[in-house]
Amino acid sequence: MDELDSEILGLLRADARISYRDLGARVGLSSNAAADRVRRLVRTGVIRGFTTLVDPAADSRPGLTVFIDVTLRPETDSDAFETTVLRLPGVTEAVHVTGAHDYLLRARAADAAALDHLLRRLKHEAGVAHSSTRLALRIASR
């Protein structure tokens with residue numbers, strides 16, 4: 001990966017739907033050369049996928065957005081934990097962090113009962129020793 005690839009990644013982070021023509025023009029390449037670079041970044045695993053960011057305020061589904069700080073049991077393998085937790089309904093992100101906890105999870109739950117069910121599954125199925133949950137009151141994003 002070179003400096004031009006880094007510039008392309010920055011532009012794709014800001015707008016993953018940018019056309020290859022516009023992307024190429026911004027970095028001084030033809031549209032074909034820009035497309036080839038993006039395809040190579042995907043093929044080599046630098047770009048793992050493309051996603052849609054939805055404004056939480058526009059999501060009309062009722063429910064809770066929560067952030068769960070997780071401490072794993074000593075015997076829990078982190079790779080196995082990630083695989084398990086990302087298969088649980090409602091969990092949208094698992095971030096390995098520094099500090100007092102091992103992971104920060106972002107999840108959605110329909111209501112308190114669904115959140116309770118998720119927390120129980122984390123402890124029984126994913127190897128979680130302790131968790132601390134925070135409820136999102138408002139989410140600002142760009």
# chains A, B, ... in the order shown; residues from 1 in each chain; ligands from 1
$ residues_around --residues "Thr92 of chain A" --least-positions-apart "3" --cutoff "7 Å" --atoms "only C-alpha atoms" --output "PyMOL selection string"
chain A and resi 86+106-107
$ closest_atom_pairs --of "segment 58-112 of chain A" --to "segment 121-140 of chain A" --cutoff "8 Å" --atoms "only C-alpha atoms" --output "JSON lines"
{"residue": "A:Leu64", "atom": "CA", "partner": "A:Leu135", "partner_atom": "CA", "distance": 7.1}
{"residue": "A:Thr65", "atom": "CA", "partner": "A:Ala136", "partner_atom": "CA", "distance": 5.5}
{"residue": "A:Val66", "atom": "CA", "partner": "A:Leu135", "partner_atom": "CA", "distance": 4.6}
{"residue": "A:Phe67", "atom": "CA", "partner": "A:Arg134", "partner_atom": "CA", "distance": 5.1}
{"residue": "A:Ile68", "atom": "CA", "partner": "A:Thr133", "partner_atom": "CA", "distance": 4.4}
{"residue": "A:Asp69", "atom": "CA", "partner": "A:Ser132", "partner_atom": "CA", "distance": 5.1}
{"residue": "A:Val70", "atom": "CA", "partner": "A:Ser131", "partner_atom": "CA", "distance": 4.5}
{"residue": "A:Thr71", "atom": "CA", "partner": "A:His130", "partner_atom": "CA", "distance": 5.1}
{"residue": "A:Leu72", "atom": "CA", "partner": "A:Val128", "partner_atom": "CA", "distance": 4.4}
{"residue": "A:Arg73", "atom": "CA", "partner": "A:Ala129", "partner_atom": "CA", "distance": 4.8}
{"residue": "A:Thr76", "atom": "CA", "partner": "A:Gly127", "partner_atom": "CA", "distance": 5.5}
{"residue": "A:Ala80", "atom": "CA", "partner": "A:Ala126", "partner_atom": "CA", "distance": 7.9}
{"residue": "A:Phe81", "atom": "CA", "partner": "A:Ala126", "partner_atom": "CA", "distance": 5.5}
{"residue": "A:Thr84", "atom": "CA", "partner": "A:Ala126", "partner_atom": "CA", "distance": 6.0}
{"residue": "A:Val85", "atom": "CA", "partner": "A:Ala126", "partner_atom": "CA", "distance": 6.3}
$ write_last_selection --atoms "C-alpha atoms" --output "short mmCIF file (atom, residue, chain, number, x, y, z; two decimals), in the first residue's frame"
data_model
loop_
_atom_site.label_atom_id
_atom_site.label_comp_id
_atom_site.auth_asym_id
_atom_site.auth_seq_id
_atom_site.Cartn_x
_atom_site.Cartn_y
_atom_site.Cartn_z
CA LEU A 64 -32.72 0.80 22.59
CA THR A 65 -29.19 1.42 21.44
CA VAL A 66 -26.75 0.25 24.10
CA PHE A 67 -23.02 0.16 24.69
CA ILE A 68 -21.80 -2.81 26.70
CA ASP A 69 -18.37 -2.86 28.33
CA VAL A 70 -17.29 -6.50 28.55
CA THR A 71 -14.61 -8.29 30.58
CA LEU A 72 -13.91 -11.82 29.38
CA ARG A 73 -13.29 -14.84 31.56
CA THR A 76 -12.09 -17.12 26.87
CA ALA A 80 -13.88 -17.19 19.50
CA PHE A 81 -15.57 -14.43 21.50
CA THR A 84 -19.77 -15.78 18.80
CA VAL A 85 -20.81 -12.28 19.78
#
$ select_by_dssp --residues "chain A" --states "helix (DSSP H, G or I)" --output "PyMOL selection string"
chain A and resi 3-14+20-27+31-43+56-58+78-85+112-125
$ select_by_dssp --residues "chain A" --states "strand (DSSP E or B)" --output "ChimeraX atom specification"
/A:64-72,91-96,103-109,128-135
$ write_last_selection --atoms "N, CA, C and O atoms" --output "CSV table (one decimal), in the first residue's frame"
chain,number,residue,atom,x,y,z
A,64,LEU,N,-33.8,0.2,21.8
A,64,LEU,CA,-32.7,0.8,22.6
A,64,LEU,C,-31.4,0.6,21.9
A,64,LEU,O,-31.2,-0.5,21.3
A,65,THR,N,-30.6,1.6,21.9
A,65,THR,CA,-29.2,1.4,21.4
A,65,THR,C,-28.4,1.4,22.7
A,65,THR,O,-28.5,2.3,23.5
A,66,VAL,N,-27.5,0.4,22.9
A,66,VAL,CA,-26.7,0.2,24.1
A,66,VAL,C,-25.3,0.0,23.8
A,66,VAL,O,-24.9,-0.5,22.7
A,67,PHE,N,-24.5,0.4,24.7
A,67,PHE,CA,-23.0,0.2,24.7
A,67,PHE,C,-22.7,-0.7,25.9
A,67,PHE,O,-23.0,-0.4,27.0
A,68,ILE,N,-22.1,-1.8,25.6
A,68,ILE,CA,-21.8,-2.8,26.7
A,68,ILE,C,-20.3,-3.0,26.9
A,68,ILE,O,-19.6,-3.5,25.9
A,69,ASP,N,-19.8,-2.6,28.0
A,69,ASP,CA,-18.4,-2.9,28.3
A,69,ASP,C,-18.3,-4.3,28.8
A,69,ASP,O,-19.1,-4.7,29.7
A,70,VAL,N,-17.4,-5.1,28.3
A,70,VAL,CA,-17.3,-6.5,28.6
A,70,VAL,C,-15.9,-6.9,29.0
A,70,VAL,O,-14.9,-6.5,28.5
A,71,THR,N,-15.8,-7.7,30.1
A,71,THR,CA,-14.6,-8.3,30.6
A,71,THR,C,-14.8,-9.8,30.4
A,71,THR,O,-15.8,-10.4,30.8
A,72,LEU,N,-13.8,-10.4,29.7
A,72,LEU,CA,-13.9,-11.8,29.4
A,72,LEU,C,-13.4,-12.6,30.5
A,72,LEU,O,-12.6,-12.2,31.3
A,91,VAL,N,-26.3,-7.4,18.2
A,91,VAL,CA,-24.9,-6.9,18.3
A,91,VAL,C,-24.4,-6.4,17.0
A,91,VAL,O,-24.4,-7.2,16.0
A,92,THR,N,-24.0,-5.1,16.9
A,92,THR,CA,-23.6,-4.6,15.6
A,92,THR,C,-22.1,-4.3,15.5
A,92,THR,O,-21.6,-4.3,14.4
A,93,GLU,N,-21.4,-4.2,16.7
A,93,GLU,CA,-20.0,-4.0,16.7
A,93,GLU,C,-19.4,-4.6,17.9
A,93,GLU,O,-20.0,-4.6,19.0
A,94,ALA,N,-18.2,-5.1,17.8
A,94,ALA,CA,-17.4,-5.5,18.9
A,94,ALA,C,-16.0,-4.9,18.7
A,94,ALA,O,-15.3,-5.2,17.8
A,95,VAL,N,-15.6,-4.1,19.6
A,95,VAL,CA,-14.3,-3.3,19.6
A,95,VAL,C,-13.4,-3.8,20.7
A,95,VAL,O,-13.8,-3.6,21.9
A,96,HIS,N,-12.3,-4.3,20.4
A,96,HIS,CA,-11.3,-4.7,21.4
A,96,HIS,C,-10.6,-3.4,21.8
A,96,HIS,O,-10.1,-2.6,21.0
A,103,TYR,N,-13.6,-5.5,25.8
A,103,TYR,CA,-14.4,-5.1,24.6
A,103,TYR,C,-15.4,-4.1,24.9
A,103,TYR,O,-16.0,-4.0,26.0
A,104,LEU,N,-15.8,-3.3,23.9
A,104,LEU,CA,-16.9,-2.5,23.9
A,104,LEU,C,-17.8,-3.0,22.8
A,104,LEU,O,-17.4,-3.0,21.6
A,105,LEU,N,-19.1,-3.3,23.2
A,105,LEU,CA,-20.0,-3.8,22.2
A,105,LEU,C,-21.1,-2.7,22.0
A,105,LEU,O,-21.5,-2.0,22.9
A,106,ARG,N,-21.5,-2.6,20.7
A,106,ARG,CA,-22.6,-1.7,20.4
A,106,ARG,C,-23.8,-2.7,20.0
A,106,ARG,O,-23.5,-3.6,19.2
A,107,ALA,N,-25.0,-2.5,20.5
A,107,ALA,CA,-26.1,-3.4,20.2
A,107,ALA,C,-27.4,-2.6,20.2
A,107,ALA,O,-27.5,-1.5,20.7
A,108,ARG,N,-28.4,-3.2,19.6
A,108,ARG,CA,-29.8,-2.7,19.6
A,108,ARG,C,-30.6,-3.8,20.3
A,108,ARG,O,-30.4,-5.0,20.0
A,109,ALA,N,-31.6,-3.4,21.1
A,109,ALA,CA,-32.5,-4.3,21.7
A,109,ALA,C,-33.9,-3.7,21.6
A,109,ALA,O,-34.0,-2.5,21.8
A,128,VAL,N,-18.3,-14.2,28.8
A,128,VAL,CA,-18.2,-12.9,29.5
A,128,VAL,C,-18.3,-13.1,31.0
A,128,VAL,O,-19.2,-13.8,31.5
A,129,ALA,N,-17.3,-12.5,31.7
A,129,ALA,CA,-17.3,-12.6,33.2
A,129,ALA,C,-18.1,-11.5,33.8
A,129,ALA,O,-18.8,-11.7,34.7
A,130,HIS,N,-17.9,-10.3,33.2
A,130,HIS,CA,-18.5,-9.1,33.8
A,130,HIS,C,-18.9,-8.2,32.6
A,130,HIS,O,-18.2,-8.1,31.6
A,131,SER,N,-20.0,-7.4,32.8
A,131,SER,CA,-20.4,-6.5,31.8
A,131,SER,C,-21.0,-5.2,32.5
A,131,SER,O,-21.5,-5.3,33.6
A,132,SER,N,-21.0,-4.1,31.8
A,132,SER,CA,-21.6,-2.9,32.3
A,132,SER,C,-22.2,-2.2,31.1
A,132,SER,O,-21.6,-2.1,30.0
A,133,THR,N,-23.5,-1.9,31.2
A,133,THR,CA,-24.3,-1.5,30.0
A,133,THR,C,-24.7,0.0,30.2
A,133,THR,O,-25.1,0.4,31.3
A,134,ARG,N,-24.5,0.7,29.1
A,134,ARG,CA,-24.9,2.1,29.0
A,134,ARG,C,-25.9,2.3,27.9
A,134,ARG,O,-25.8,1.7,26.9
A,135,LEU,N,-27.0,3.0,28.2
A,135,LEU,CA,-28.1,3.3,27.3
A,135,LEU,C,-27.8,4.6,26.5
A,135,LEU,O,-27.5,5.6,27.1
$ residues_around --residues "segment 31-41 of chain A" --least-positions-apart "3" --cutoff "8 Å" --atoms "only C-alpha atoms" --output "PyMOL selection string"
chain A and resi 5+8+20-25+44-47
$ write_last_selection --atoms "N, CA and C atoms" --output "PDB file, in the first residue's frame"
ATOM      1  N   ASP A   5      -2.754   4.933  -2.394  1.00  0.00           N
ATOM      2  CA  ASP A   5      -3.779   4.045  -1.829  1.00  0.00           C
ATOM      3  C   ASP A   5      -4.381   4.663  -0.565  1.00  0.00           C
ATOM      4  N   ILE A   8      -6.783   7.303  -1.558  1.00  0.00           N
ATOM      5  CA  ILE A   8      -8.015   6.675  -2.062  1.00  0.00           C
ATOM      6  C   ILE A   8      -8.867   6.170  -0.906  1.00  0.00           C
ATOM      7  N   TYR A  20     -15.762   5.982  -9.874  1.00  0.00           N
ATOM      8  CA  TYR A  20     -14.345   5.816 -10.190  1.00  0.00           C
ATOM      9  C   TYR A  20     -13.827   7.023 -10.969  1.00  0.00           C
ATOM     10  N   ARG A  21     -14.678   7.631 -11.776  1.00  0.00           N
ATOM     11  CA  ARG A  21     -14.284   8.830 -12.530  1.00  0.00           C
ATOM     12  C   ARG A  21     -13.924   9.956 -11.569  1.00  0.00           C
ATOM     13  N   ASP A  22     -14.809  10.213 -10.584  1.00  0.00           N
ATOM     14  CA  ASP A  22     -14.551  11.281  -9.617  1.00  0.00           C
ATOM     15  C   ASP A  22     -13.381  10.932  -8.705  1.00  0.00           C
ATOM     16  N   LEU A  23     -13.298   9.676  -8.307  1.00  0.00           N
ATOM     17  CA  LEU A  23     -12.182   9.237  -7.465  1.00  0.00           C
ATOM     18  C   LEU A  23     -10.859   9.435  -8.196  1.00  0.00           C
ATOM     19  N   GLY A  24     -10.814   8.992  -9.444  1.00  0.00           N
ATOM     20  CA  GLY A  24      -9.598   9.155 -10.237  1.00  0.00           C
ATOM     21  C   GLY A  24      -9.220  10.614 -10.403  1.00  0.00           C
ATOM     22  N   ALA A  25     -10.213  11.463 -10.681  1.00  0.00           N
ATOM     23  CA  ALA A  25      -9.944  12.895 -10.858  1.00  0.00           C
ATOM     24  C   ALA A  25      -9.368  13.512  -9.587  1.00  0.00           C
ATOM     25  N   THR A  44      -6.914  -7.757  -1.801  1.00  0.00           N
ATOM     26  CA  THR A  44      -5.866  -8.012  -0.808  1.00  0.00           C
ATOM     27  C   THR A  44      -6.367  -7.878   0.626  1.00  0.00           C
ATOM     28  N   GLY A  45      -7.639  -7.539   0.804  1.00  0.00           N
ATOM     29  CA  GLY A  45      -8.218  -7.481   2.147  1.00  0.00           C
ATOM     30  C   GLY A  45      -8.034  -6.167   2.870  1.00  0.00           C
ATOM     31  N   VAL A  46      -7.445  -5.173   2.218  1.00  0.00           N
ATOM     32  CA  VAL A  46      -7.321  -3.863   2.845  1.00  0.00           C
ATOM     33  C   VAL A  46      -8.720  -3.268   3.031  1.00  0.00           C
ATOM     34  N   ILE A  47      -9.518  -3.348   1.986  1.00  0.00           N
ATOM     35  CA  ILE A  47     -10.937  -2.972   2.082  1.00  0.00           C
ATOM     36  C   ILE A  47     -11.698  -4.271   2.304  1.00  0.00           C
TER      37      ILE A  47
END
